[in-house]
$ cat coords-v9.txt   # compact mmCIF, C-alpha atoms
# COMPACT_ATOMS: atom_id res chain seq x y z
CA MET A 1 150.69 52.42 64.24
CA ARG A 2 153.76 52.36 66.29
CA PRO A 3 153.75 52.30 70.07
CA ALA A 4 153.94 55.68 71.84
CA THR A 5 157.18 56.48 73.54
CA SER A 6 157.45 58.39 76.76
CA SER A 7 158.74 61.50 74.98
CA THR A 8 155.83 61.40 72.54
CA THR A 9 153.38 60.87 75.36
CA SER A 10 154.75 63.75 77.39
CA TRP A 11 154.76 65.98 74.29
CA LEU A 12 151.10 65.12 73.59
CA ALA A 13 150.17 65.73 77.22
CA ALA A 14 151.91 69.09 77.21
CA ALA A 15 150.19 70.09 73.97
CA ALA A 16 146.82 69.06 75.37
CA ALA A 17 147.45 71.05 78.54
CA VAL A 18 148.42 74.13 76.53
CA MET A 19 145.28 73.79 74.43
CA VAL A 20 143.07 73.46 77.51
CA VAL A 21 144.67 76.47 79.22
CA SER A 22 144.65 78.63 76.10
CA GLY A 23 141.11 77.55 75.30
CA GLY A 24 140.06 78.55 78.80
CA LEU A 25 141.71 81.95 78.39
CA VAL A 26 140.06 82.50 75.03
CA ALA A 27 136.69 81.53 76.48
CA ALA A 28 137.23 83.85 79.45
CA GLN A 29 138.22 86.73 77.20
CA SER A 30 135.43 86.20 74.70
CA ALA A 31 132.61 86.79 77.23
CA PRO A 32 132.26 90.57 77.62
CA ASP A 33 131.29 92.10 80.95
CA GLY A 34 127.77 92.83 79.71
CA GLU A 35 126.89 89.23 78.84
CA ASN A 36 126.46 87.17 82.01
CA GLY A 37 129.42 89.04 83.42
CA ARG A 38 129.82 91.72 86.02
CA TYR A 39 127.46 94.35 84.60
CA SER A 40 123.82 94.22 83.61
CA MET A 41 122.78 96.98 81.21
CA THR A 42 119.26 98.33 80.68
CA PRO A 43 118.48 101.02 78.11
CA ILE A 44 116.79 104.19 79.41
CA ALA A 45 115.81 107.46 77.72
CA GLU A 46 119.05 109.26 78.71
CA GLY A 47 121.40 106.37 77.90
CA VAL A 48 121.99 103.15 79.82
CA LEU A 49 121.34 102.03 83.38
CA ARG A 50 124.25 99.86 84.59
CA LEU A 51 123.98 97.42 87.50
CA ASP A 52 127.19 96.07 88.96
CA THR A 53 126.22 92.49 89.84
CA ARG A 54 129.16 92.10 92.24
CA THR A 55 128.66 95.22 94.37
CA GLY A 56 125.04 96.12 93.63
CA THR A 57 125.98 99.66 92.59
CA VAL A 58 123.64 101.27 90.05
CA SER A 59 124.98 103.88 87.62
CA THR A 60 123.52 105.91 84.79
CA CYS A 61 125.71 106.04 81.70
CA THR A 62 125.23 108.80 79.15
CA LYS A 63 127.08 109.72 75.99
CA ASN A 64 128.45 113.24 75.75
CA ASP A 65 131.00 115.02 73.56
CA ALA A 66 133.94 113.39 75.33
CA GLY A 67 132.45 109.88 75.20
CA TRP A 68 130.48 107.75 77.61
CA ALA A 69 130.39 108.73 81.29
CA CYS A 70 128.82 106.72 84.12
CA TYR A 71 127.72 108.29 87.39
CA ALA A 72 126.64 106.34 90.44
CA VAL A 73 122.98 106.71 91.39
CA PRO A 74 122.58 107.85 95.02
CA ASP A 75 121.76 104.84 97.15
CA GLU A 76 118.80 105.51 99.44
CA ARG A 77 119.43 102.28 101.29
CA THR A 78 122.85 103.51 102.45
CA ALA A 79 121.32 106.72 103.79
CA LEU A 80 118.54 104.77 105.51
CA ASP A 81 121.02 102.36 107.08
CA ALA A 82 123.08 105.29 108.37
CA GLU A 83 119.98 106.92 109.89
CA ILE A 84 118.92 103.61 111.48
CA GLY A 85 122.40 103.24 112.98
CA ARG A 86 122.30 106.79 114.36
CA LEU A 87 118.88 106.23 115.91
CA GLN A 88 119.93 102.91 117.45
CA ALA A 89 122.95 104.60 119.04
CA GLU A 90 120.71 107.36 120.41
CA VAL A 91 118.27 104.79 121.84
CA GLU A 92 121.14 103.02 123.58
CA ARG A 93 122.40 106.33 124.99
CA LEU A 94 118.93 107.19 126.31
CA ARG A 95 118.54 103.72 127.82
CA GLY A 96 121.83 104.26 129.63
CA GLN A 97 120.57 107.57 131.00
CA LEU A 98 117.35 105.95 132.21
CA ALA A 99 119.27 103.13 133.86
CA ALA A 100 121.54 105.64 135.61
CA GLY A 101 118.65 107.09 137.57
CA PRO A 102 115.93 109.70 137.52
CA THR A 103 116.97 113.00 136.03
CA VAL A 104 113.57 114.70 136.15
CA SER A 105 113.82 117.88 138.14
CA GLY A 106 110.93 119.12 140.26
CA LYS A 107 109.50 115.65 140.79
CA ILE A 108 107.80 115.10 144.12
CA ASP A 109 107.41 111.80 145.90
CA GLU A 110 104.04 112.34 147.57
CA ALA A 111 100.86 112.19 145.53
CA LEU A 112 98.82 115.29 144.94
CA PRO A 113 95.52 115.48 146.83
CA LYS A 114 92.59 114.30 144.77
CA SER A 115 89.97 116.93 144.33
CA ASP A 116 87.27 117.30 141.72
CA GLN A 117 87.48 120.82 140.41
CA LEU A 118 84.29 120.35 138.45
CA LYS A 119 82.35 119.29 141.50
CA LYS A 120 79.62 121.83 142.11
CA ALA A 121 79.10 123.46 145.46
CA GLU A 122 76.08 122.45 147.44
CA PRO A 123 73.11 124.71 146.77
CA LYS A 124 72.39 127.20 149.52
CA ALA A 125 69.30 126.59 151.57
CA ALA A 126 67.18 129.52 152.72
CA GLU A 127 64.19 129.45 155.05
CA GLY A 128 64.19 125.69 155.35
CA GLU A 129 63.66 125.13 151.64
CA ARG A 130 66.24 124.05 149.17
CA LYS A 131 66.82 126.63 146.51
CA ILE A 132 69.32 126.30 143.68
CA GLU A 133 71.22 129.41 142.82
CA ILE A 134 72.41 129.60 139.24
CA PRO A 135 75.14 132.13 138.62
CA LEU A 136 74.12 134.56 135.89
CA PRO A 137 76.52 135.74 133.21
CA SER A 138 78.19 139.06 133.78
CA ASP A 139 77.51 142.11 131.62
CA GLN A 140 80.85 141.51 129.88
CA ASP A 141 79.80 137.93 128.96
CA VAL A 142 76.47 139.20 127.58
CA ASP A 143 78.25 141.89 125.55
CA ARG A 144 80.62 139.31 124.04
CA VAL A 145 77.73 137.04 123.03
CA MET A 146 75.79 139.95 121.53
CA SER A 147 78.84 141.09 119.57
CA PHE A 148 79.33 137.58 118.19
CA LEU A 149 75.68 137.23 117.18
CA GLU A 150 75.71 140.66 115.53
CA LYS A 151 78.80 139.77 113.44
CA ALA A 152 77.31 136.41 112.47
CA TRP A 153 74.01 138.07 111.44
CA ARG A 154 75.82 140.67 109.29
CA ARG A 155 77.85 137.98 107.54
CA LEU A 156 74.69 135.98 106.84
CA ILE A 157 72.97 139.06 105.34
CA ASP A 158 76.07 139.85 103.24
CA MET A 159 76.15 136.27 101.91
CA ALA A 160 72.45 136.40 101.04
CA ASN A 161 72.96 139.70 99.17
CA ARG A 162 75.89 138.26 97.19
CA VAL A 163 73.91 135.15 96.25
CA GLN A 164 70.98 137.30 95.18
CA LYS A 165 73.25 139.47 93.00
CA ASP A 166 74.86 136.38 91.45
CA VAL A 167 71.50 134.80 90.66
CA SER A 168 69.94 137.99 89.29
CA GLY A 169 73.00 138.64 87.13
CA LYS A 170 72.82 135.19 85.50
CA ILE A 171 69.10 135.31 84.63
$ encode --input "coords-v9.txt" --output "structure tokens"
Amino acid sequence: MRPATSSTTSWLAAAAAVMVVSGGLVAAQSAPDGENGRYSMTPIAEGVLRLDTRTGTVSTCTKNDAGWACYAVPDERTALDAEIGRLQAEVERLRGQLAAGPTVSGKIDEALPKSDQLKKAEPKAAEGERKIEIPLPSDQDVDRVMSFLEKAWRRLIDMANRVQKDVSGKI
């Protein structure tokens, strides 16, 4: 072997560099997007479900007369994030209103007097004895109760008659 000259060495180095660069380009071009690349494909009944691994976008791809067409699947997370943002802005606006001062109209500063509306009046005493007077229902109250009981009784009789007809018809 003869000793390498500087021109031979530089030529070999250049050739090696070209091979490395071209080999890298060939390797980069040989890996399609579907294999450990940008997209992850999953077969579904209608076609293919495509996941973009860079953006996270999911699309359904179907074959039609014109060829393959991919349509983005609506992202619920985006809608939820938008709603959360809207609600947070509304909460901040309401907090600002509360901090600004009371806006309730008709509010009074003094407390209402405490009284027990359910407290019963003292029984009336007659002739030195204590007697309890119980208020009796009015005629209108009695009529309402009687009407209710009459309707309930008629419904019960009607149900009994229907059950009796059903049972006698099946025997």
$ residues_around --input "coords-v9.txt" --residues "region 54-62 of chain A" --least-positions-apart "4" --cutoff "9 Å" --atoms "all atoms listed in the file" --output "list in words"
Arg38, Tyr39, Ile44, Glu46, Gly47, Val48, Leu49, Arg50, Gly67, Trp68, Ala69, Cys70, Tyr71, Ala72, Val73, Pro74 and Asp75 of chain A
$ atom_distance --input "coords-v9.txt" --atom1 "CA of Ala79 (chain A)" --atom2 "CA of Gly96 (chain A)"
26.0 Å
$ atom_distance --input "coords-v9.txt" --atom1 "CA of Arg162 (chain A)" --atom2 "CA of Met146 (chain A)"
24.4 Å
$ atom_distance --input "coords-v9.txt" --atom1 "CA of Ser40 (chain A)" --atom2 "CA of Thr53 (chain A)"
6.9 Å
$ decode --input "coords-v9.txt" --residues "region 63-110 of chain A" --atoms "C-alpha atoms" --output "PDB file, in the first residue's frame"
ATOM      1  CA  LYS A  63     -62.816   5.717   0.809  1.00  0.00           C
ATOM      2  CA  ASN A  64     -65.372   7.090  -1.630  1.00  0.00           C
ATOM      3  CA  ASP A  65     -65.655   7.363  -5.414  1.00  0.00           C
ATOM      4  CA  ALA A  66     -63.137  10.207  -5.580  1.00  0.00           C
ATOM      5  CA  GLY A  67     -60.600   8.480  -3.311  1.00  0.00           C
ATOM      6  CA  TRP A  68     -59.779   8.664   0.370  1.00  0.00           C
ATOM      7  CA  ALA A  69     -61.101  11.593   2.411  1.00  0.00           C
ATOM      8  CA  CYS A  70     -60.272  12.365   6.041  1.00  0.00           C
ATOM      9  CA  TYR A  71     -62.508  14.471   8.261  1.00  0.00           C
ATOM     10  CA  ALA A  72     -61.546  15.731  11.697  1.00  0.00           C
ATOM     11  CA  VAL A  73     -63.536  14.252  14.574  1.00  0.00           C
ATOM     12  CA  PRO A  74     -65.127  16.986  16.723  1.00  0.00           C
ATOM     13  CA  ASP A  75     -63.000  17.500  19.809  1.00  0.00           C
ATOM     14  CA  GLU A  76     -65.117  17.529  22.969  1.00  0.00           C
ATOM     15  CA  ARG A  77     -62.146  18.675  25.000  1.00  0.00           C
ATOM     16  CA  THR A  78     -61.930  21.926  23.015  1.00  0.00           C
ATOM     17  CA  ALA A  79     -65.608  22.635  23.635  1.00  0.00           C
ATOM     18  CA  LEU A  80     -65.226  21.824  27.335  1.00  0.00           C
ATOM     19  CA  ASP A  81     -62.173  24.070  27.638  1.00  0.00           C
ATOM     20  CA  ALA A  82     -64.082  26.915  25.961  1.00  0.00           C
ATOM     21  CA  GLU A  83     -67.021  26.474  28.356  1.00  0.00           C
ATOM     22  CA  ILE A  84     -64.676  26.355  31.368  1.00  0.00           C
ATOM     23  CA  GLY A  85     -63.031  29.577  30.179  1.00  0.00           C
ATOM     24  CA  ARG A  86     -66.415  31.276  29.746  1.00  0.00           C
ATOM     25  CA  LEU A  87     -67.538  30.214  33.216  1.00  0.00           C
ATOM     26  CA  GLN A  88     -64.272  31.370  34.802  1.00  0.00           C
ATOM     27  CA  ALA A  89     -64.688  34.785  33.173  1.00  0.00           C
ATOM     28  CA  GLU A  90     -68.267  34.995  34.456  1.00  0.00           C
ATOM     29  CA  VAL A  91     -67.148  34.044  37.987  1.00  0.00           C
ATOM     30  CA  GLU A  92     -64.526  36.790  37.900  1.00  0.00           C
ATOM     31  CA  ARG A  93     -67.122  39.308  36.684  1.00  0.00           C
ATOM     32  CA  LEU A  94     -69.516  38.327  39.486  1.00  0.00           C
ATOM     33  CA  ARG A  95     -66.728  38.532  42.069  1.00  0.00           C
ATOM     34  CA  GLY A  96     -66.020  42.056  40.845  1.00  0.00           C
ATOM     35  CA  GLN A  97     -69.680  42.983  41.273  1.00  0.00           C
ATOM     36  CA  LEU A  98     -69.715  41.576  44.807  1.00  0.00           C
ATOM     37  CA  ALA A  99     -66.549  43.457  45.695  1.00  0.00           C
ATOM     38  CA  ALA A 100     -68.039  46.689  44.341  1.00  0.00           C
ATOM     39  CA  GLY A 101     -70.782  46.673  46.942  1.00  0.00           C
ATOM     40  CA  PRO A 102     -74.275  45.469  47.688  1.00  0.00           C
ATOM     41  CA  THR A 103     -76.642  45.641  44.761  1.00  0.00           C
ATOM     42  CA  VAL A 104     -79.618  43.970  46.419  1.00  0.00           C
ATOM     43  CA  SER A 105     -82.592  46.271  46.292  1.00  0.00           C
ATOM     44  CA  GLY A 106     -85.166  46.337  49.080  1.00  0.00           C
ATOM     45  CA  LYS A 107     -82.707  45.151  51.714  1.00  0.00           C
ATOM     46  CA  ILE A 108     -83.300  46.516  55.191  1.00  0.00           C
ATOM     47  CA  ASP A 109     -80.691  46.964  57.881  1.00  0.00           C
ATOM     48  CA  GLU A 110     -82.795  46.246  60.966  1.00  0.00           C
TER      49      GLU A 110
END
